[in-house]
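Engineer: Following this line is my_file.txt, made up of compact mmCIF, C-alpha atoms and all ligand atoms:
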```
# COMPACT_ATOMS: atom_id res chain seq x y z
CA MET A 6 23.80 -31.17 -22.84
CA LYS A 7 20.76 -29.47 -21.28
CA LYS A 8 20.84 -29.50 -17.50
CA SER A 9 17.67 -30.83 -15.88
CA THR A 10 16.03 -28.58 -13.31
CA MET A 11 16.18 -30.04 -9.85
CA LYS A 12 13.13 -29.79 -7.63
CA SER A 13 13.16 -29.82 -3.89
CA ILE A 14 10.64 -29.30 -1.14
CA LEU A 15 9.93 -25.71 -0.20
CA ARG A 16 8.28 -25.01 3.13
CA LEU A 17 7.12 -21.55 4.03
CA ILE A 18 4.12 -19.67 5.37
CA LEU A 19 2.12 -17.93 2.68
CA ASN A 20 -0.50 -15.45 3.85
CA GLY A 21 -0.63 -17.11 7.24
CA ARG A 22 -0.92 -20.70 5.98
CA GLU A 23 1.85 -23.26 6.07
CA ARG A 24 2.69 -24.68 2.66
CA GLU A 25 4.90 -27.44 1.40
CA ASP A 26 5.52 -27.63 -2.35
CA ALA A 27 7.93 -29.34 -4.70
CA ALA A 28 9.59 -26.36 -6.36
CA ALA A 29 12.34 -26.09 -8.95
CA ASP A 30 15.53 -24.78 -7.44
CA ASN A 31 15.48 -21.86 -9.87
CA LEU A 32 11.79 -21.01 -9.42
CA LEU A 33 11.23 -17.33 -8.84
CA LEU A 34 9.07 -16.23 -5.94
CA LEU A 35 6.79 -14.40 -8.40
CA ASP A 36 6.10 -17.64 -10.29
CA TYR A 37 5.69 -19.50 -7.01
CA VAL A 38 2.95 -17.19 -5.75
CA ARG A 39 1.21 -16.79 -9.12
CA GLU A 40 1.49 -20.29 -10.54
CA THR A 41 2.21 -22.72 -7.73
CA ALA A 42 -0.05 -21.01 -5.19
CA GLY A 43 -2.48 -19.52 -7.75
CA LEU A 44 -2.39 -16.05 -6.22
CA THR A 45 -2.41 -13.76 -9.23
CA GLY A 46 -2.74 -10.44 -7.41
CA THR A 47 1.03 -10.00 -7.52
CA LYS A 48 1.90 -8.57 -10.93
CA ARG A 49 4.76 -9.12 -13.34
CA GLY A 50 5.85 -5.77 -14.76
CA CYS A 51 9.40 -5.26 -15.93
CA ASP A 52 10.52 -8.72 -14.75
CA GLY A 53 13.88 -7.23 -13.94
CA GLY A 54 13.75 -5.61 -10.53
CA GLU A 55 12.96 -2.11 -11.79
CA CYS A 56 9.25 -1.40 -11.38
CA GLY A 57 8.01 -2.78 -8.05
CA ALA A 58 4.82 -4.31 -9.49
CA CYS A 59 5.82 -7.70 -8.08
CA THR A 60 6.40 -6.49 -4.50
CA VAL A 61 5.44 -8.89 -1.73
CA LEU A 62 6.46 -8.95 1.92
CA VAL A 63 8.98 -11.47 3.20
CA ASP A 64 9.02 -11.50 6.99
CA GLY A 65 7.36 -8.09 6.84
CA LYS A 66 9.85 -6.46 4.49
CA PRO A 67 9.15 -5.56 0.87
CA ALA A 68 10.82 -7.89 -1.63
CA LEU A 69 10.82 -7.89 -5.42
CA SER A 70 9.48 -11.33 -6.16
CA CYS A 71 10.66 -11.26 -9.80
CA ILE A 72 14.28 -11.33 -8.69
CA THR A 73 13.91 -13.46 -5.55
CA LEU A 74 14.33 -17.22 -5.67
CA ALA A 75 11.42 -18.99 -4.01
CA HIS A 76 13.80 -21.27 -2.09
CA ARG A 77 15.49 -18.23 -0.58
CA CYS A 78 12.21 -17.73 1.28
CA ALA A 79 12.17 -21.16 2.91
CA GLY A 80 11.01 -20.83 6.51
CA THR A 81 9.80 -17.26 6.08
CA HIS A 82 6.36 -15.68 6.11
CA VAL A 83 5.49 -14.41 2.65
CA GLU A 84 2.54 -12.03 2.31
CA THR A 85 0.83 -11.05 -0.92
CA ILE A 86 -1.91 -8.53 -1.66
CA GLU A 87 -4.48 -11.31 -1.13
CA SER A 88 -3.58 -11.39 2.57
CA LEU A 89 -4.86 -7.91 3.32
CA GLU A 90 -8.60 -8.39 2.94
CA SER A 91 -10.53 -9.94 5.76
CA GLU A 92 -13.71 -11.93 5.10
CA GLY A 93 -14.23 -10.16 1.80
CA ARG A 94 -13.61 -6.67 3.20
CA LEU A 95 -10.76 -4.57 1.92
CA SER A 96 -8.21 -3.33 4.43
CA ARG A 97 -8.15 0.35 5.34
CA LEU A 98 -5.16 0.87 3.05
CA GLN A 99 -6.84 -0.91 0.14
CA ARG A 100 -10.01 1.16 0.65
CA ALA A 101 -7.95 4.35 0.77
CA PHE A 102 -6.38 3.56 -2.61
CA HIS A 103 -9.88 3.13 -3.99
CA GLU A 104 -11.45 6.17 -2.31
CA TYR A 105 -8.56 8.57 -2.97
CA LEU A 106 -8.03 7.44 -6.58
CA GLY A 107 -4.59 6.00 -5.88
CA SER A 108 -5.38 3.28 -8.38
CA GLN A 109 -6.24 3.91 -12.01
CA CYS A 110 -5.35 1.03 -14.35
CA GLY A 111 -4.44 -0.85 -11.19
CA TYR A 112 -1.42 -2.69 -12.49
CA CYS A 113 1.03 -1.13 -10.08
CA THR A 114 -1.46 -1.15 -7.20
CA PRO A 115 -0.72 -4.49 -5.50
CA GLY A 116 2.98 -3.69 -5.35
CA MET A 117 2.32 -0.11 -4.19
CA ILE A 118 -0.01 -1.30 -1.47
CA MET A 119 2.38 -3.96 -0.18
CA ALA A 120 5.24 -1.45 -0.04
CA ALA A 121 2.97 1.04 1.76
CA GLU A 122 1.69 -1.68 4.09
CA ALA A 123 5.26 -2.43 5.21
CA LEU A 124 5.83 1.28 5.83
CA LEU A 125 2.64 1.75 7.87
CA ARG A 126 3.44 -1.26 10.05
CA ARG A 127 6.91 0.12 10.70
CA LYS A 128 5.85 3.75 10.94
CA PRO A 129 2.11 4.29 11.47
CA ALA A 130 2.32 8.08 11.06
CA PRO A 131 4.76 8.58 8.20
CA SER A 132 5.70 11.95 6.75
CA GLU A 133 5.22 12.60 3.05
CA ALA A 134 8.97 12.13 2.63
CA ASP A 135 8.72 8.74 4.37
CA ILE A 136 5.98 7.69 1.98
CA ARG A 137 7.86 8.88 -1.07
CA ALA A 138 10.99 7.05 0.10
CA ALA A 139 9.10 3.83 0.82
CA LEU A 140 7.47 3.89 -2.63
CA ALA A 141 10.53 5.09 -4.53
CA GLY A 142 11.03 1.68 -6.13
CA ASN A 143 7.42 1.42 -7.33
CA ILE A 144 6.63 2.88 -10.73
CA CYS A 145 3.17 4.09 -11.74
CA ARG A 146 2.43 5.17 -15.29
CA CYS A 147 -1.06 6.54 -14.58
CA THR A 148 -1.50 8.55 -11.41
CA GLY A 149 1.42 10.97 -11.23
CA TYR A 150 1.91 9.65 -7.65
CA VAL A 151 0.07 12.49 -5.88
CA LYS A 152 -3.10 10.42 -5.42
CA ILE A 153 -1.05 7.47 -4.22
CA ILE A 154 0.65 9.61 -1.56
CA GLU A 155 -2.75 11.00 -0.52
CA ALA A 156 -4.16 7.49 -0.23
CA VAL A 157 -1.36 6.36 2.06
CA GLN A 158 -1.73 9.54 4.15
CA ALA A 159 -5.46 8.92 4.42
CA ALA A 160 -4.95 5.34 5.56
CA ALA A 161 -2.39 6.53 8.11
CA ARG A 162 -4.86 8.94 9.71
CA GLY A 163 -7.56 6.31 9.80
CA ALA A 164 -9.62 7.31 6.76
CA PRO A 165 -11.72 6.45 4.91
S1 LIG B 201 8.24 -7.08 -12.14
FE1 LIG B 201 9.54 -7.16 -10.42
S2 LIG B 201 10.42 -5.21 -10.25
FE2 LIG B 201 9.24 -5.15 -12.08
S1 LIG B 202 -2.42 2.91 -11.72
FE1 LIG B 202 -1.75 2.34 -13.71
S2 LIG B 202 0.38 1.98 -13.47
FE2 LIG B 202 -0.25 2.77 -11.57
```
What does this structure look like when you write it as structure tokens?
Ligand code: FES
Ligand code: FES

Structural biologist:
Amino acid sequence: MKKSTMKSILRLILNGREREDAAADNLLLLDYVRETAGLTGTKRGCDGGECGACTVLVDGKPALSCITLAHRCAGTHVETIESLESEGRLSRLQRAFHEYLGSQCGYCTPGMIMAAEALLRRKPAPSEADIRAALAGNICRCTGYVKIIEAVQAAARGAP
């Protein structure tokens, strides 16, 4: 007999706004942000915890939303790529990815930026090794990573 999926109320803060949604107990955080909240900046890549495309921040720490249950985030502050712009203006880190060609096809970019954002909050002047370590779980098939590292370095020194 097929088991019915139970729903229960999920309360959390998403990009600074309190939300309360009926969410299936097995709903993944990735599907919560993309489908329940309609924030499609967070990308589904491998869907198995291997590529980092789905990275969001949970209480300021990077989390792979494709392998995180939404209900595990009850009471937390979840941040997605949509949270970084302010009144239509890209953040310094987002601009740096654009200016320094850290984004080509762009599919990995939201996850890369959220992982880098967590690093820069924790360590505003990271070494190259810090940046490489922070982004080690994020795969990019286009850039060869050098431009991504340069973009994070540029954002850290206040450019562009
Ligand atoms: S889609 Fe989540 S790690 Fe690849
Ligand atoms: S820019 Fe295409 S996968 Fe990274």

Engineer: Within 6 Å of ligand LIG 201 (chain B), which residues of chain A show up? Give each one with its shortest atom-to-atom distance in Å (one decimal) and the two atoms involved, counting all atoms listed in the file, rows by chain then rising residue number, as CSV.

Structural biologist:
```
residue,atom,partner,partner_atom,distance
A:Arg49,CA,B:LIG201,S1,4.2
A:Gly50,CA,B:LIG201,S1,3.8
A:Cys51,CA,B:LIG201,FE2,3.9
A:Asp52,CA,B:LIG201,S1,3.8
A:Gly53,CA,B:LIG201,FE2,5.4
A:Gly54,CA,B:LIG201,S2,3.4
A:Glu55,CA,B:LIG201,S2,4.3
A:Cys56,CA,B:LIG201,FE2,3.8
A:Gly57,CA,B:LIG201,S2,4.1
A:Ala58,CA,B:LIG201,S1,5.1
A:Cys59,CA,B:LIG201,FE1,4.4
A:Leu69,CA,B:LIG201,FE1,5.2
A:Ser70,CA,B:LIG201,FE1,6.0
A:Cys71,CA,B:LIG201,FE1,4.3
```

Engineer: Between CA of Arg22 in chain A and CA of Asp36 in chain A, what is the distance in Å, rounded to a tenth?

Structural biologist: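 Going from CA of Arg22 in chain A over to CA of Asp36 in chain A, I get 18.0 Å.
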
Engineer: List all protein, DNA and RNA residues that have at least one atom no more than 7 Å from any atom of ligand LIG 202 (chain B), counting all atoms listed in the file, and write them as a ChimeraX atom specification.

Structural biologist: /A:107-114,144-148

Engineer: For Leu35 in chain A, which of A:Arg126, A:His76, A:Arg97, A:Arg16 is the closest residue, counting only C-alpha atoms?

Structural biologist: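 So, comparing all the options, the nearest one is A:His76.
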
Engineer: Which residues are near range 87-93 of chain A? Cut-off 8 Å, only C-alpha atoms, ignore same chain within fewer than 5 positions. Put them as a PDB file with C-alpha atoms, keeping the file's coordinate frame.

Structural biologist:
```
ATOM      1  CA  ASN A  20      -0.500 -15.450   3.850  1.00  0.00           C
ATOM      2  CA  GLY A  21      -0.630 -17.110   7.240  1.00  0.00           C
ATOM      3  CA  LEU A  44      -2.390 -16.050  -6.220  1.00  0.00           C
ATOM      4  CA  GLY A  46      -2.740 -10.440  -7.410  1.00  0.00           C
ATOM      5  CA  GLN A  99      -6.840  -0.910   0.140  1.00  0.00           C
TER       6      GLN A  99
END
```

Engineer: A:Ser96, A:Thr73, A:Thr41, A:Thr10: which is nearest Ile118 in chain A, counting all atoms listed in the file?

Structural biologist: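 For Ile118 in chain A, the nearest of the given residues is A:Ser96.
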
Engineer: All heavy atoms are what I want for range 38-49 of chain A; can you complete it accordingly and write them as an mmCIF file, in the coordinates of the input?

Structural biologist:
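Final output, part24.cif:
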```
data_model
loop_
_atom_site.group_PDB
_atom_site.id
_atom_site.type_symbol
_atom_site.label_atom_id
_atom_site.label_comp_id
_atom_site.auth_asym_id
_atom_site.auth_seq_id
_atom_site.Cartn_x
_atom_site.Cartn_y
_atom_site.Cartn_z
ATOM 1 N N VAL A 38 4.225 -17.682 -6.265
ATOM 2 C CA VAL A 38 2.950 -17.190 -5.750
ATOM 3 C C VAL A 38 1.867 -17.209 -6.832
ATOM 4 O O VAL A 38 0.722 -17.573 -6.555
ATOM 5 C CB VAL A 38 3.041 -15.787 -5.083
ATOM 6 C CG1 VAL A 38 3.955 -15.812 -3.877
ATOM 7 C CG2 VAL A 38 3.460 -14.716 -6.046
ATOM 8 N N ARG A 39 2.220 -16.862 -8.066
ATOM 9 C CA ARG A 39 1.210 -16.790 -9.120
ATOM 10 C C ARG A 39 0.804 -18.165 -9.635
ATOM 11 O O ARG A 39 -0.368 -18.435 -9.861
ATOM 12 C CB ARG A 39 1.700 -15.929 -10.290
ATOM 13 C CG ARG A 39 1.711 -14.422 -9.994
ATOM 14 C CD ARG A 39 2.156 -13.629 -11.229
ATOM 15 N NE ARG A 39 1.297 -13.888 -12.368
ATOM 16 C CZ ARG A 39 0.165 -13.232 -12.618
ATOM 17 N NH1 ARG A 39 -0.225 -12.253 -11.803
ATOM 18 N NH2 ARG A 39 -0.560 -13.539 -13.667
ATOM 19 N N GLU A 40 1.795 -19.026 -9.869
ATOM 20 C CA GLU A 40 1.490 -20.290 -10.540
ATOM 21 C C GLU A 40 1.369 -21.461 -9.569
ATOM 22 O O GLU A 40 0.410 -22.217 -9.633
ATOM 23 C CB GLU A 40 2.545 -20.559 -11.618
ATOM 24 C CG GLU A 40 2.371 -19.569 -12.761
ATOM 25 C CD GLU A 40 3.529 -19.530 -13.729
ATOM 26 O OE1 GLU A 40 4.225 -20.551 -13.845
ATOM 27 O OE2 GLU A 40 3.742 -18.478 -14.348
ATOM 28 N N THR A 41 2.308 -21.597 -8.667
ATOM 29 C CA THR A 41 2.210 -22.720 -7.730
ATOM 30 C C THR A 41 1.062 -22.492 -6.756
ATOM 31 O O THR A 41 0.255 -23.393 -6.512
ATOM 32 C CB THR A 41 3.535 -22.886 -6.949
ATOM 33 O OG1 THR A 41 4.608 -22.989 -7.892
ATOM 34 C CG2 THR A 41 3.509 -24.121 -6.067
ATOM 35 N N ALA A 42 0.982 -21.284 -6.191
ATOM 36 C CA ALA A 42 -0.050 -21.010 -5.190
ATOM 37 C C ALA A 42 -1.326 -20.444 -5.815
ATOM 38 O O ALA A 42 -2.354 -20.353 -5.142
ATOM 39 C CB ALA A 42 0.495 -20.034 -4.142
ATOM 40 N N GLY A 43 -1.275 -20.015 -7.080
ATOM 41 C CA GLY A 43 -2.480 -19.520 -7.750
ATOM 42 C C GLY A 43 -2.947 -18.157 -7.281
ATOM 43 O O GLY A 43 -4.109 -17.793 -7.451
ATOM 44 N N LEU A 44 -2.029 -17.385 -6.700
ATOM 45 C CA LEU A 44 -2.390 -16.050 -6.220
ATOM 46 C C LEU A 44 -1.902 -15.018 -7.247
ATOM 47 O O LEU A 44 -0.732 -14.646 -7.267
ATOM 48 C CB LEU A 44 -1.750 -15.790 -4.854
ATOM 49 C CG LEU A 44 -2.191 -16.748 -3.751
ATOM 50 C CD1 LEU A 44 -1.402 -16.488 -2.472
ATOM 51 C CD2 LEU A 44 -3.685 -16.628 -3.491
ATOM 52 N N THR A 45 -2.812 -14.573 -8.088
ATOM 53 C CA THR A 45 -2.410 -13.760 -9.230
ATOM 54 C C THR A 45 -2.500 -12.254 -8.972
ATOM 55 O O THR A 45 -2.354 -11.459 -9.893
ATOM 56 C CB THR A 45 -3.256 -14.115 -10.469
ATOM 57 O OG1 THR A 45 -4.634 -13.982 -10.111
ATOM 58 C CG2 THR A 45 -2.988 -15.542 -10.925
ATOM 59 N N GLY A 46 -2.723 -11.871 -7.723
ATOM 60 C CA GLY A 46 -2.740 -10.440 -7.410
ATOM 61 C C GLY A 46 -1.382 -9.800 -7.603
ATOM 62 O O GLY A 46 -1.288 -8.634 -7.997
ATOM 63 N N THR A 47 -0.331 -10.528 -7.344
ATOM 64 C CA THR A 47 1.030 -10.000 -7.520
ATOM 65 C C THR A 47 1.330 -9.945 -9.010
ATOM 66 O O THR A 47 1.152 -10.935 -9.719
ATOM 67 C CB THR A 47 2.046 -10.904 -6.797
ATOM 68 O OG1 THR A 47 1.653 -11.025 -5.429
ATOM 69 C CG2 THR A 47 3.447 -10.325 -6.880
ATOM 70 N N LYS A 48 1.775 -8.782 -9.480
ATOM 71 C CA LYS A 48 1.900 -8.570 -10.930
ATOM 72 C C LYS A 48 3.351 -8.661 -11.417
ATOM 73 O O LYS A 48 4.281 -8.293 -10.717
ATOM 74 C CB LYS A 48 1.344 -7.196 -11.314
ATOM 75 C CG LYS A 48 -0.117 -7.023 -10.976
ATOM 76 C CD LYS A 48 -0.978 -8.068 -11.665
ATOM 77 C CE LYS A 48 -2.448 -7.893 -11.355
ATOM 78 N NZ LYS A 48 -3.141 -9.172 -11.154
ATOM 79 N N ARG A 49 3.465 -9.120 -12.660
ATOM 80 C CA ARG A 49 4.760 -9.120 -13.340
ATOM 81 C C ARG A 49 4.796 -7.880 -14.230
ATOM 82 O O ARG A 49 3.970 -7.726 -15.122
ATOM 83 C CB ARG A 49 4.894 -10.361 -14.219
ATOM 84 C CG ARG A 49 6.256 -10.490 -14.901
ATOM 85 C CD ARG A 49 6.261 -11.622 -15.910
ATOM 86 N NE ARG A 49 5.843 -12.886 -15.340
ATOM 87 C CZ ARG A 49 6.637 -13.702 -14.640
ATOM 88 N NH1 ARG A 49 7.890 -13.401 -14.446
ATOM 89 N NH2 ARG A 49 6.160 -14.824 -14.144
#
```
